[in-house]
$ cat input01.txt   # compact mmCIF, C-alpha atoms
# COMPACT_ATOMS: atom_id res chain seq x y z
CA ASP A 1 8.20 2.20 -2.66
CA VAL A 2 10.53 0.26 -4.90
CA PRO A 3 8.58 -2.28 -6.90
CA THR A 4 10.12 -5.64 -6.16
CA ALA A 5 10.03 -6.51 -9.86
CA ALA A 6 12.35 -3.55 -10.51
CA LEU A 7 14.58 -4.55 -7.60
CA TYR A 8 14.74 -8.12 -8.90
CA ALA A 9 15.65 -6.89 -12.40
CA ALA A 10 18.35 -4.60 -11.01
CA VAL A 11 19.84 -7.44 -8.95
CA ARG A 12 20.01 -9.65 -12.03
CA ARG A 13 21.51 -6.89 -14.18
CA TYR A 14 24.01 -5.20 -11.85
CA ARG A 15 25.04 -8.08 -9.56
CA PRO A 16 25.63 -5.92 -6.47
CA SER A 17 27.77 -6.86 -3.46
CA LEU A 18 24.98 -5.88 -1.07
CA VAL A 19 21.34 -4.84 -1.38
CA TRP A 20 19.79 -2.56 1.24
CA LEU A 21 16.02 -2.24 1.47
CA SER A 22 14.48 0.30 3.83
CA ALA A 23 10.87 -0.15 4.92
CA SER A 24 9.47 3.10 6.29
CA VAL A 25 5.98 1.75 6.93
CA PRO A 26 4.63 -1.76 7.48
CA PRO A 27 3.41 -3.42 4.27
CA ARG A 28 -0.29 -3.81 3.55
CA ASN A 29 0.00 -7.12 1.76
CA THR A 30 2.48 -9.30 3.65
CA ARG A 31 1.86 -12.38 1.50
CA ASP A 32 3.00 -10.66 -1.68
CA ILE A 33 5.98 -8.97 -0.04
CA ALA A 34 7.08 -12.29 1.51
CA ARG A 35 7.03 -13.93 -1.92
CA ASP A 36 8.82 -11.00 -3.54
CA LEU A 37 11.54 -10.78 -0.87
CA ALA A 38 12.16 -14.52 -1.16
CA ARG A 39 12.53 -14.11 -4.93
CA VAL A 40 15.03 -11.26 -4.55
CA ALA A 41 16.97 -13.15 -1.86
CA ALA A 42 17.19 -16.21 -4.11
CA ALA A 43 18.36 -14.10 -7.06
CA LEU A 44 21.13 -12.68 -4.87
CA GLY A 45 22.55 -16.08 -3.99
CA SER A 46 25.13 -15.45 -1.27
CA VAL A 47 24.98 -11.65 -1.64
CA PRO A 48 23.41 -10.08 1.47
CA LEU A 49 19.91 -8.64 1.38
CA VAL A 50 19.85 -6.18 4.27
CA ILE A 51 16.47 -4.91 5.44
CA GLY A 52 15.86 -2.13 7.91
CA GLY A 53 13.75 0.91 8.65
CA ARG A 54 10.85 1.69 10.95
CA GLY A 55 8.49 -0.72 9.16
CA ALA A 56 10.95 -3.59 8.86
CA ASP A 57 9.79 -5.34 12.04
CA ALA A 58 6.45 -6.04 10.34
CA LEU A 59 8.01 -7.55 7.21
CA PRO A 60 7.78 -11.31 6.76
CA LEU A 61 11.47 -11.96 6.11
CA PRO A 62 12.35 -15.06 4.13
CA PRO A 63 14.28 -17.74 6.04
CA ALA A 64 17.37 -17.35 3.87
CA ALA A 65 20.96 -17.21 5.10
CA ASN A 66 21.64 -14.06 3.09
CA VAL A 67 18.75 -12.02 4.60
CA HIS A 68 19.70 -9.71 7.46
CA HIS A 69 17.48 -7.41 9.52
CA LEU A 70 19.43 -4.44 10.87
CA HIS A 71 18.14 -1.76 13.22
CA SER A 72 20.27 1.32 12.52
CA MET A 73 22.39 3.04 9.92
CA ALA A 74 25.41 2.41 12.17
CA GLU A 75 24.71 -1.34 11.97
CA LEU A 76 24.36 -1.05 8.18
CA ALA A 77 27.69 0.81 7.91
CA ALA A 78 29.47 -1.81 10.01
CA PHE A 79 27.86 -4.64 8.06
CA ALA A 80 28.83 -3.06 4.72
CA ARG A 81 32.42 -2.61 5.90
CA GLY A 82 32.49 -6.31 6.76
CA VAL A 83 31.14 -7.25 3.34
CA LEU A 84 33.77 -5.10 1.63
CA ALA A 85 36.56 -6.51 3.79
CA ALA A 86 35.46 -10.08 3.05
CA GLY A 87 35.21 -9.42 -0.67
CA VAL A 88 31.74 -10.94 -0.92
CA SER A 89 30.22 -10.69 -4.38
$ encode --input "input01.txt" --output "structure tokens"
Amino acid sequence: DVPTAALYAAVRRYRPSLVWLSASVPPRNTRDIARDLARVAAALGSVPLVIGGRGADALPLPPAANVHHLHSMAELAAFARGVLAAGVS
């Protein structure tokens, strides 16, 4: 479990080109996680927030253009290559 406050702070400090969040189990409190994911997505601007893992289907993903739900590590690798090739930051 990565506290979303720590993730938000890291996004603001390091300004990554891509953020990957893996959810191994479904969340217990979907309202809080929905709010927190929306906050992280907004802090990222156009930088992709990629969410995957076995529990990701149960996550309430924010309706933001930069939020992507991927289903495998192969999809993540291909997506990351595309981000690098496009020079998104």
$ closest_atom_pairs --input "input01.txt" --of "stretch 10-39 of chain A" --to "stretch 60-78 of chain A" --cutoff "10 Å" --atoms "all atoms listed in the file" --output "CSV"
residue,atom,partner,partner_atom,distance
A:Leu18,CA,A:Asn66,CA,9.8
A:Val19,CA,A:Val67,CA,9.7
A:Trp20,CA,A:Leu76,CA,8.4
A:Leu21,CA,A:His69,CA,9.7
A:Ser22,CA,A:Leu70,CA,9.8
A:Pro27,CA,A:Pro60,CA,9.4
A:Thr30,CA,A:Pro60,CA,6.5
A:Arg31,CA,A:Pro60,CA,8.0
A:Asp32,CA,A:Pro60,CA,9.7
A:Ile33,CA,A:Pro60,CA,7.4
A:Ala34,CA,A:Pro60,CA,5.4
A:Arg35,CA,A:Pro62,CA,8.1
A:Asp36,CA,A:Pro62,CA,9.4
A:Leu37,CA,A:Pro62,CA,6.6
A:Ala38,CA,A:Pro62,CA,5.3
A:Arg39,CA,A:Pro62,CA,9.1
$ residues_around --input "input01.txt" --residues "A:Ala43" --least-positions-apart "2" --cutoff "12 Å" --atoms "only C-alpha atoms" --output "ChimeraX atom specification"
/A:4-5,7-16,19,36-41,45-49,64,66-67
$ atom_distance --input "input01.txt" --atom1 "atom CA of A:Val25" --atom2 "atom CA of A:Gly52"
10.7 Å
$ atom_distance --input "input01.txt" --atom1 "atom CA of A:Ser17" --atom2 "atom CA of A:Ala42"
14.1 Å
$ atom_distance --input "input01.txt" --atom1 "atom CA of A:Arg28" --atom2 "atom CA of A:Arg54"
14.5 Å
$ decode --input "input01.txt" --residues "stretch 23-53 of chain A" --atoms "N, CA, C and O atoms" --output "CSV table (one decimal), in the first residue's frame"
chain,number,residue,atom,x,y,z
A,23,ALA,N,-2.6,-2.3,-8.2
A,23,ALA,CA,-3.6,-2.6,-7.1
A,23,ALA,C,-3.7,-4.2,-7.0
A,23,ALA,O,-4.3,-4.8,-7.9
A,24,SER,N,-3.1,-4.7,-6.0
A,24,SER,CA,-3.2,-6.2,-5.8
A,24,SER,C,-4.5,-6.7,-5.3
A,24,SER,O,-4.9,-7.8,-5.7
A,25,VAL,N,-5.2,-5.9,-4.5
A,25,VAL,CA,-6.5,-6.3,-4.0
A,25,VAL,C,-7.4,-5.1,-4.1
A,25,VAL,O,-7.0,-4.0,-4.2
A,26,PRO,N,-8.7,-5.4,-4.2
A,26,PRO,CA,-9.7,-4.3,-4.3
A,26,PRO,C,-9.7,-3.5,-3.1
A,26,PRO,O,-9.4,-4.0,-2.0
A,27,PRO,N,-9.9,-2.2,-3.2
A,27,PRO,CA,-9.8,-1.3,-2.0
A,27,PRO,C,-11.1,-1.5,-1.1
A,27,PRO,O,-12.1,-1.9,-1.6
A,28,ARG,N,-10.9,-1.2,0.1
A,28,ARG,CA,-12.0,-1.3,1.1
A,28,ARG,C,-12.8,0.0,1.0
A,28,ARG,O,-14.1,0.0,1.1
A,29,ASN,N,-12.2,1.1,0.9
A,29,ASN,CA,-12.9,2.4,0.9
A,29,ASN,C,-12.8,3.1,-0.5
A,29,ASN,O,-11.9,3.8,-0.8
A,30,THR,N,-13.7,2.8,-1.4
A,30,THR,CA,-13.7,3.3,-2.7
A,30,THR,C,-13.9,4.8,-2.8
A,30,THR,O,-13.3,5.4,-3.7
A,31,ARG,N,-14.6,5.4,-1.9
A,31,ARG,CA,-14.8,6.8,-2.0
A,31,ARG,C,-13.5,7.6,-1.8
A,31,ARG,O,-13.2,8.5,-2.5
A,32,ASP,N,-12.7,7.2,-0.8
A,32,ASP,CA,-11.5,7.8,-0.5
A,32,ASP,C,-10.5,7.6,-1.6
A,32,ASP,O,-9.8,8.5,-2.0
A,33,ILE,N,-10.4,6.4,-2.1
A,33,ILE,CA,-9.4,6.1,-3.2
A,33,ILE,C,-9.8,6.9,-4.5
A,33,ILE,O,-9.0,7.3,-5.2
A,34,ALA,N,-11.1,7.0,-4.7
A,34,ALA,CA,-11.5,7.8,-5.9
A,34,ALA,C,-11.1,9.2,-5.8
A,34,ALA,O,-10.6,9.8,-6.8
A,35,ARG,N,-11.3,9.8,-4.6
A,35,ARG,CA,-10.8,11.2,-4.4
A,35,ARG,C,-9.3,11.3,-4.5
A,35,ARG,O,-8.8,12.2,-5.2
A,36,ASP,N,-8.6,10.4,-3.9
A,36,ASP,CA,-7.2,10.4,-4.0
A,36,ASP,C,-6.6,10.2,-5.4
A,36,ASP,O,-5.6,10.9,-5.8
A,37,LEU,N,-7.1,9.3,-6.1
A,37,LEU,CA,-6.7,9.1,-7.5
A,37,LEU,C,-7.0,10.3,-8.4
A,37,LEU,O,-6.1,10.7,-9.2
A,38,ALA,N,-8.1,10.9,-8.2
A,38,ALA,CA,-8.4,12.1,-8.9
A,38,ALA,C,-7.4,13.2,-8.6
A,38,ALA,O,-7.0,14.0,-9.5
A,39,ARG,N,-7.0,13.3,-7.3
A,39,ARG,CA,-6.0,14.3,-6.9
A,39,ARG,C,-4.7,14.1,-7.6
A,39,ARG,O,-4.0,15.0,-8.0
A,40,VAL,N,-4.2,12.8,-7.5
A,40,VAL,CA,-3.0,12.5,-8.2
A,40,VAL,C,-3.0,12.7,-9.7
A,40,VAL,O,-2.1,13.3,-10.3
A,41,ALA,N,-4.1,12.3,-10.3
A,41,ALA,CA,-4.3,12.5,-11.8
A,41,ALA,C,-4.2,14.0,-12.1
A,41,ALA,O,-3.5,14.4,-13.1
A,42,ALA,N,-4.9,14.8,-11.3
A,42,ALA,CA,-4.8,16.3,-11.6
A,42,ALA,C,-3.4,16.8,-11.4
A,42,ALA,O,-3.0,17.7,-12.2
A,43,ALA,N,-2.7,16.4,-10.4
A,43,ALA,CA,-1.4,16.9,-10.1
A,43,ALA,C,-0.4,16.5,-11.3
A,43,ALA,O,0.5,17.2,-11.6
A,44,LEU,N,-0.7,15.4,-11.9
A,44,LEU,CA,0.1,14.9,-13.1
A,44,LEU,C,-0.1,15.8,-14.3
A,44,LEU,O,0.8,15.8,-15.2
A,45,GLY,N,-1.2,16.4,-14.4
A,45,GLY,CA,-1.5,17.2,-15.7
A,45,GLY,C,-1.7,16.2,-16.8
A,45,GLY,O,-2.5,15.3,-16.8
A,46,SER,N,-0.8,16.3,-17.8
A,46,SER,CA,-0.9,15.4,-19.0
A,46,SER,C,-0.1,14.2,-18.9
A,46,SER,O,-0.1,13.3,-19.7
A,47,VAL,N,0.7,14.0,-17.8
A,47,VAL,CA,1.5,12.8,-17.5
A,47,VAL,C,0.6,11.7,-17.2
A,47,VAL,O,-0.3,11.8,-16.4
A,48,PRO,N,0.8,10.5,-17.9
A,48,PRO,CA,-0.1,9.4,-17.7
A,48,PRO,C,0.0,8.8,-16.2
A,48,PRO,O,1.1,8.6,-15.7
A,49,LEU,N,-1.2,8.5,-15.7
A,49,LEU,CA,-1.3,7.7,-14.5
A,49,LEU,C,-1.8,6.3,-15.0
A,49,LEU,O,-3.0,6.2,-15.4
A,50,VAL,N,-1.0,5.3,-14.9
A,50,VAL,CA,-1.3,4.0,-15.4
A,50,VAL,C,-1.6,3.1,-14.2
A,50,VAL,O,-0.8,3.0,-13.2
A,51,ILE,N,-2.8,2.5,-14.2
A,51,ILE,CA,-3.2,1.6,-13.1
A,51,ILE,C,-3.5,0.2,-13.6
A,51,ILE,O,-4.1,0.0,-14.7
A,52,GLY,N,-3.0,-0.7,-12.8
A,52,GLY,CA,-3.2,-2.1,-13.2
A,52,GLY,C,-3.1,-3.0,-12.0
A,52,GLY,O,-3.1,-2.5,-10.9
A,53,GLY,N,-3.1,-4.3,-12.2
A,53,GLY,CA,-3.0,-5.3,-11.1
A,53,GLY,C,-4.3,-6.0,-10.9
A,53,GLY,O,-5.4,-5.6,-11.5
